[in-house]
Amino acid sequence: MTPAGPDTLEKELAGLARDADGDGDPEGRVVALLRAHRLLGHAVPRELGGEGGDLTALAALAHRIGGASPGAGVLWVMHCQQVAILRDHAPEPLRTRVLRRVAERQLLLGSVTTEPRKGGHVLTAHAAARAEGGTVAFRRAAPVVSGGAHADAFLLSLRRTEDSAPDDVVLVYADRAQSGATVLGPLDLMGMRAAGNVAMEFDGRVPAGQVIDPEGGFTRITLRTLAPVGHLGWAACWTGAARRALRQVVALLRSGTLTRTDSAYHALARARARIDGAEALVLAALAEHRARSAPLPGEDPDRAGARLDAPAFQILVNNVKLTVSEETCAAVDALLGLAGLAWGYRRDAGTDLERLFRDLRAAPLMYGNDRLAAAGGRLAVMDRAACSFPDTGLDALLTEGGEGR
């Protein structure tokens, strides 16, 4: 998985996390550590020199990285999301060329979907691509790009043409030298500072072959790759962070640093129930993704991929992000309260509770939960399964086992 293993990685990241939280990591120490452990090729297929990690393997590793530093975990997941989009949807020879370079050189890919006036609404774009004699030119602002100061290349969302509707979106791959990237400055955020979030502008031009526009368009990219990798990967980071907070509070209780009272036990139990429930939802969604992604014997792989488009699965993916972001934040808030001013709220208390809480407070804001809930409600109206859990739910057990069994 990594040259020295996930335990070493987690320890090294935890050592960096406080410094990165303090200064926003302008030198890119987090990226350098991920690169040193050769994690940037994790989602690249093995035949192209990568680790060939699927979504389940990605989530397992994101849980460990996010446990040490939620900002680093989210940054890594977003890089892997861009790799997966290239892997699943990019045309040849772009796909092979870029993925080989990612694996060999450990390139960092930046996600450019935010824009002024629309925030992080992924399915629309204001800035447009301009086709000019076999090339595509673009000029674009991005209020937030994770790792943007250190990214080697970018995937940018753009309207197909200046006359296209805002939801007619294509992706453009651009090396940093092609992108005309300018970093406007770091974002002085409350948390998530290890993600290296910066504001940027782009004024670039690429060959037309670097447009990613598969059959089914950007909607297909979002349903099959962008949303599942992003939401389940992020959620795994957040559960890892909440588990770290839980371990630290339990250690304080075991050592006698915190007094064991019924109210303390009650708070601990409630926090753990939130974390256990959040993690169970992530695991259920990963199992559902595996079931829907695997082709049946003799089946066209694209037909298997189409099962990811179903409203029931998309609702599940959205609910993972919405629920886990709220439950892990609430759990760590309660744990910080249990640890109190001396061991939770103080930055020099010897625990990570204050930092983890600030990082997790961003989770409901990343692709805002109100927007996501509205989308989930619209999908629920479209769901022909009559609001049931997807195919691995309790109804499926009755169907498989037979009535009365």
# chains A, B, ... in the order shown; residues from 1 in each chain; ligands from 1

call {"tool": "residues_around", "arguments": {"residues": "Thr328 (chain A)", "least_positions_apart": "4", "cutoff": "8 Å", "atoms": "only C-alpha atoms", "output": "ChimeraX atom specification"}}
result
/A:238-239,242,274-275,278,324,332,360

call {"tool": "write_last_selection", "arguments": {"atoms": "N, CA and C atoms", "output": "short mmCIF file (atom, residue, chain, number, x, y, z; two decimals), in the first residue's frame"}}
result
data_model
loop_
_atom_site.label_atom_id
_atom_site.label_comp_id
_atom_site.auth_asym_id
_atom_site.auth_seq_id
_atom_site.Cartn_x
_atom_site.Cartn_y
_atom_site.Cartn_z
N TRP A 238 -13.62 11.45 7.26
CA TRP A 238 -14.28 12.03 8.43
C TRP A 238 -14.47 10.98 9.52
N THR A 239 -14.80 9.75 9.14
CA THR A 239 -14.93 8.72 10.18
C THR A 239 -13.57 8.41 10.80
N ALA A 242 -12.96 11.15 13.35
CA ALA A 242 -13.80 10.97 14.53
C ALA A 242 -13.29 9.81 15.39
N ARG A 274 -22.78 7.56 17.24
CA ARG A 274 -22.78 8.38 16.03
C ARG A 274 -21.68 7.94 15.06
N ILE A 275 -20.49 7.67 15.61
CA ILE A 275 -19.37 7.29 14.75
C ILE A 275 -19.59 5.90 14.16
N ALA A 278 -22.16 6.18 11.40
CA ALA A 278 -21.59 6.82 10.21
C ALA A 278 -20.72 5.84 9.43
N VAL A 324 -22.86 11.46 7.24
CA VAL A 324 -21.55 11.27 7.88
C VAL A 324 -20.93 12.62 8.23
N VAL A 332 -17.54 14.60 17.46
CA VAL A 332 -16.31 15.21 17.95
C VAL A 332 -16.63 16.44 18.79
N LEU A 360 -13.51 19.10 10.93
CA LEU A 360 -14.78 18.44 10.64
C LEU A 360 -15.94 19.42 10.50
#

call {"tool": "select_by_dssp", "arguments": {"residues": "region 203-234 of chain A", "states": "helix (DSSP H, G or I)", "output": "PyMOL selection string"}}
result
chain A and resi 208-210+217-234

call {"tool": "write_last_selection", "arguments": {"atoms": "N, CA and C atoms", "output": "PDB file, in the first residue's frame"}}
result
ATOM      1  N   ALA A 208      -7.398  19.993 -28.592  1.00  0.00           N
ATOM      2  CA  ALA A 208      -8.789  19.549 -28.484  1.00  0.00           C
ATOM      3  C   ALA A 208      -8.896  18.129 -27.933  1.00  0.00           C
ATOM      4  N   GLY A 209      -7.851  17.317 -28.110  1.00  0.00           N
ATOM      5  CA  GLY A 209      -7.867  15.949 -27.599  1.00  0.00           C
ATOM      6  C   GLY A 209      -7.813  15.859 -26.092  1.00  0.00           C
ATOM      7  N   GLN A 210      -7.675  16.978 -25.397  1.00  0.00           N
ATOM      8  CA  GLN A 210      -7.638  16.978 -23.932  1.00  0.00           C
ATOM      9  C   GLN A 210      -8.986  17.350 -23.312  1.00  0.00           C
ATOM     10  N   GLY A 217     -21.968  12.429 -21.313  1.00  0.00           N
ATOM     11  CA  GLY A 217     -21.517  13.726 -20.879  1.00  0.00           C
ATOM     12  C   GLY A 217     -21.076  13.799 -19.429  1.00  0.00           C
ATOM     13  N   PHE A 218     -21.042  15.029 -18.924  1.00  0.00           N
ATOM     14  CA  PHE A 218     -20.554  15.262 -17.573  1.00  0.00           C
ATOM     15  C   PHE A 218     -21.475  14.651 -16.524  1.00  0.00           C
ATOM     16  N   THR A 219     -22.755  14.504 -16.858  1.00  0.00           N
ATOM     17  CA  THR A 219     -23.671  13.855 -15.915  1.00  0.00           C
ATOM     18  C   THR A 219     -23.228  12.434 -15.637  1.00  0.00           C
ATOM     19  N   ARG A 220     -22.825  11.710 -16.676  1.00  0.00           N
ATOM     20  CA  ARG A 220     -22.348  10.335 -16.483  1.00  0.00           C
ATOM     21  C   ARG A 220     -21.071  10.320 -15.641  1.00  0.00           C
ATOM     22  N   ILE A 221     -20.161  11.225 -15.918  1.00  0.00           N
ATOM     23  CA  ILE A 221     -18.935  11.315 -15.123  1.00  0.00           C
ATOM     24  C   ILE A 221     -19.275  11.518 -13.649  1.00  0.00           C
ATOM     25  N   THR A 222     -20.233  12.396 -13.388  1.00  0.00           N
ATOM     26  CA  THR A 222     -20.599  12.699 -12.007  1.00  0.00           C
ATOM     27  C   THR A 222     -21.240  11.501 -11.325  1.00  0.00           C
ATOM     28  N   LEU A 223     -22.211  10.869 -11.990  1.00  0.00           N
ATOM     29  CA  LEU A 223     -22.948   9.778 -11.362  1.00  0.00           C
ATOM     30  C   LEU A 223     -22.070   8.556 -11.115  1.00  0.00           C
ATOM     31  N   ARG A 224     -21.203   8.234 -12.060  1.00  0.00           N
ATOM     32  CA  ARG A 224     -20.456   6.982 -11.977  1.00  0.00           C
ATOM     33  C   ARG A 224     -19.103   7.107 -11.269  1.00  0.00           C
ATOM     34  N   THR A 225     -18.538   8.299 -11.242  1.00  0.00           N
ATOM     35  CA  THR A 225     -17.181   8.429 -10.713  1.00  0.00           C
ATOM     36  C   THR A 225     -17.040   9.584  -9.734  1.00  0.00           C
ATOM     37  N   LEU A 226     -17.328  10.790 -10.182  1.00  0.00           N
ATOM     38  CA  LEU A 226     -17.042  11.963  -9.357  1.00  0.00           C
ATOM     39  C   LEU A 226     -17.760  11.916  -8.021  1.00  0.00           C
ATOM     40  N   ALA A 227     -19.059  11.670  -8.024  1.00  0.00           N
ATOM     41  CA  ALA A 227     -19.817  11.674  -6.764  1.00  0.00           C
ATOM     42  C   ALA A 227     -19.475  10.480  -5.875  1.00  0.00           C
ATOM     43  N   PRO A 228     -19.466   9.235  -6.387  1.00  0.00           N
ATOM     44  CA  PRO A 228     -19.128   8.119  -5.489  1.00  0.00           C
ATOM     45  C   PRO A 228     -17.730   8.226  -4.885  1.00  0.00           C
ATOM     46  N   VAL A 229     -16.722   8.544  -5.694  1.00  0.00           N
ATOM     47  CA  VAL A 229     -15.367   8.639  -5.158  1.00  0.00           C
ATOM     48  C   VAL A 229     -15.267   9.790  -4.171  1.00  0.00           C
ATOM     49  N   GLY A 230     -15.824  10.946  -4.537  1.00  0.00           N
ATOM     50  CA  GLY A 230     -15.731  12.101  -3.665  1.00  0.00           C
ATOM     51  C   GLY A 230     -16.469  11.914  -2.359  1.00  0.00           C
ATOM     52  N   HIS A 231     -17.740  11.548  -2.426  1.00  0.00           N
ATOM     53  CA  HIS A 231     -18.538  11.478  -1.212  1.00  0.00           C
ATOM     54  C   HIS A 231     -18.134  10.323  -0.305  1.00  0.00           C
ATOM     55  N   LEU A 232     -17.861   9.150  -0.876  1.00  0.00           N
ATOM     56  CA  LEU A 232     -17.482   8.015  -0.026  1.00  0.00           C
ATOM     57  C   LEU A 232     -16.049   8.167   0.477  1.00  0.00           C
ATOM     58  N   GLY A 233     -15.175   8.725  -0.350  1.00  0.00           N
ATOM     59  CA  GLY A 233     -13.804   8.967   0.104  1.00  0.00           C
ATOM     60  C   GLY A 233     -13.743  10.007   1.204  1.00  0.00           C
ATOM     61  N   TRP A 234     -14.460  11.119   1.013  1.00  0.00           N
ATOM     62  CA  TRP A 234     -14.506  12.124   2.076  1.00  0.00           C
ATOM     63  C   TRP A 234     -15.067  11.541   3.367  1.00  0.00           C
TER      64      TRP A 234
END

call {"tool": "closest_residue", "arguments": {"among": "A:Ala267, A:Met366, A:Ile212, A:Ala131", "to": "Arg95 (chain A)", "atoms": "only C-alpha atoms"}}
result
A:Ile212

call {"tool": "closest_residue", "arguments": {"among": "A:Leu338, A:Val144, A:Gly5, A:Ala14", "to": "Thr261 (chain A)", "atoms": "only C-alpha atoms"}}
result
A:Leu338

call {"tool": "residues_around", "arguments": {"residues": "Leu246 (chain A)", "least_positions_apart": "4", "cutoff": "9 Å", "atoms": "only C-alpha atoms", "output": "ChimeraX atom specification"}}
result
/A:241-242,250-251,268,271-272,275,331-332,335

call {"tool": "write_last_selection", "arguments": {"atoms": "C-alpha atoms", "output": "mmCIF file, in the first residue's frame"}}
result
data_model
loop_
_atom_site.group_PDB
_atom_site.id
_atom_site.type_symbol
_atom_site.label_atom_id
_atom_site.label_comp_id
_atom_site.auth_asym_id
_atom_site.auth_seq_id
_atom_site.Cartn_x
_atom_site.Cartn_y
_atom_site.Cartn_z
ATOM 1 C CA ALA A 241 -10.895 11.697 12.188
ATOM 2 C CA ALA A 242 -13.799 10.970 14.534
ATOM 3 C CA VAL A 250 -11.032 7.046 25.898
ATOM 4 C CA ALA A 251 -7.326 7.249 26.733
ATOM 5 C CA LEU A 268 -19.001 8.679 25.307
ATOM 6 C CA ALA A 271 -20.509 9.835 20.498
ATOM 7 C CA ARG A 272 -19.451 6.292 19.677
ATOM 8 C CA ILE A 275 -19.365 7.289 14.751
ATOM 9 C CA ALA A 331 -19.601 13.318 17.720
ATOM 10 C CA VAL A 332 -16.315 15.210 17.948
ATOM 11 C CA LEU A 335 -16.090 14.512 22.735
#

call {"tool": "residues_around", "arguments": {"residues": "Ala375 (chain A)", "least_positions_apart": "4", "cutoff": "12 Å", "atoms": "only C-alpha atoms", "output": "PyMOL selection string"}}
result
chain A and resi 121+123+311+314-319+322+367-371+379-382

call {"tool": "write_last_selection", "arguments": {"atoms": "N, CA and C atoms", "output": "short mmCIF file (atom, residue, chain, number, x, y, z; two decimals), in the first residue's frame"}}
result
data_model
loop_
_atom_site.label_atom_id
_atom_site.label_comp_id
_atom_site.auth_asym_id
_atom_site.auth_seq_id
_atom_site.Cartn_x
_atom_site.Cartn_y
_atom_site.Cartn_z
N HIS A 121 -21.20 24.21 -6.91
CA HIS A 121 -22.23 23.47 -7.65
C HIS A 121 -21.60 22.80 -8.85
N LEU A 123 -22.48 20.54 -11.15
CA LEU A 123 -23.13 20.21 -12.41
C LEU A 123 -23.34 21.40 -13.33
N PRO A 311 -31.42 6.13 -9.42
CA PRO A 311 -31.69 7.09 -8.34
C PRO A 311 -31.43 6.53 -6.95
N GLN A 314 -27.75 6.78 -6.20
CA GLN A 314 -27.33 8.17 -6.06
C GLN A 314 -27.83 8.77 -4.76
N ILE A 315 -29.05 8.42 -4.35
CA ILE A 315 -29.57 8.88 -3.06
C ILE A 315 -28.69 8.36 -1.93
N LEU A 316 -28.30 7.10 -2.01
CA LEU A 316 -27.44 6.51 -0.98
C LEU A 316 -26.12 7.26 -0.89
N VAL A 317 -25.48 7.51 -2.04
CA VAL A 317 -24.20 8.22 -2.05
C VAL A 317 -24.35 9.61 -1.44
N ASN A 318 -25.40 10.33 -1.83
CA ASN A 318 -25.64 11.66 -1.27
C ASN A 318 -25.90 11.59 0.23
N ASN A 319 -26.66 10.58 0.66
CA ASN A 319 -26.98 10.45 2.08
C ASN A 319 -25.75 10.12 2.90
N LEU A 322 -24.05 13.53 3.36
CA LEU A 322 -24.84 14.39 4.23
C LEU A 322 -24.81 13.90 5.68
N TYR A 367 -19.65 21.06 -0.62
CA TYR A 367 -20.88 20.81 -1.39
C TYR A 367 -22.04 20.78 -0.38
N GLY A 368 -22.51 21.98 -0.02
CA GLY A 368 -23.37 22.22 1.12
C GLY A 368 -24.51 21.23 1.31
N ASN A 369 -24.74 20.83 2.53
CA ASN A 369 -25.73 19.80 2.81
C ASN A 369 -27.15 20.22 2.45
N ASP A 370 -27.48 21.49 2.56
CA ASP A 370 -28.82 21.92 2.16
C ASP A 370 -29.04 21.68 0.67
N ARG A 371 -28.04 22.02 -0.14
CA ARG A 371 -28.12 21.77 -1.58
C ARG A 371 -28.23 20.28 -1.86
N LEU A 379 -34.46 13.40 -6.32
CA LEU A 379 -34.18 12.02 -6.74
C LEU A 379 -35.18 11.04 -6.13
N ALA A 380 -35.59 11.28 -4.88
CA ALA A 380 -36.54 10.38 -4.23
C ALA A 380 -37.86 10.33 -4.98
N VAL A 381 -38.26 11.46 -5.55
CA VAL A 381 -39.49 11.48 -6.34
C VAL A 381 -39.33 10.65 -7.61
N MET A 382 -38.11 10.60 -8.15
CA MET A 382 -37.85 9.84 -9.37
C MET A 382 -37.63 8.35 -9.11
#

call {"tool": "atom_distance", "arguments": {"atom1": "CA of Gly185 (chain A)", "atom2": "CA of Gly15 (chain A)"}}
result
25.2 Å

call {"tool": "select_by_dssp", "arguments": {"residues": "region 41-283 of chain A", "states": "strand (DSSP E)", "output": "MDAnalysis selection string"}}
result
chainID A and resid 109:112 130:132 135:146 153:159 169:175 182:186 197:207 211:212

call {"tool": "residues_around", "arguments": {"residues": "Ala72 (chain A)", "least_positions_apart": "2", "cutoff": "6 Å", "atoms": "only C-alpha atoms", "output": "NGL selection string"}}
result
:A and (69-70 or 74-75 or 194-195)
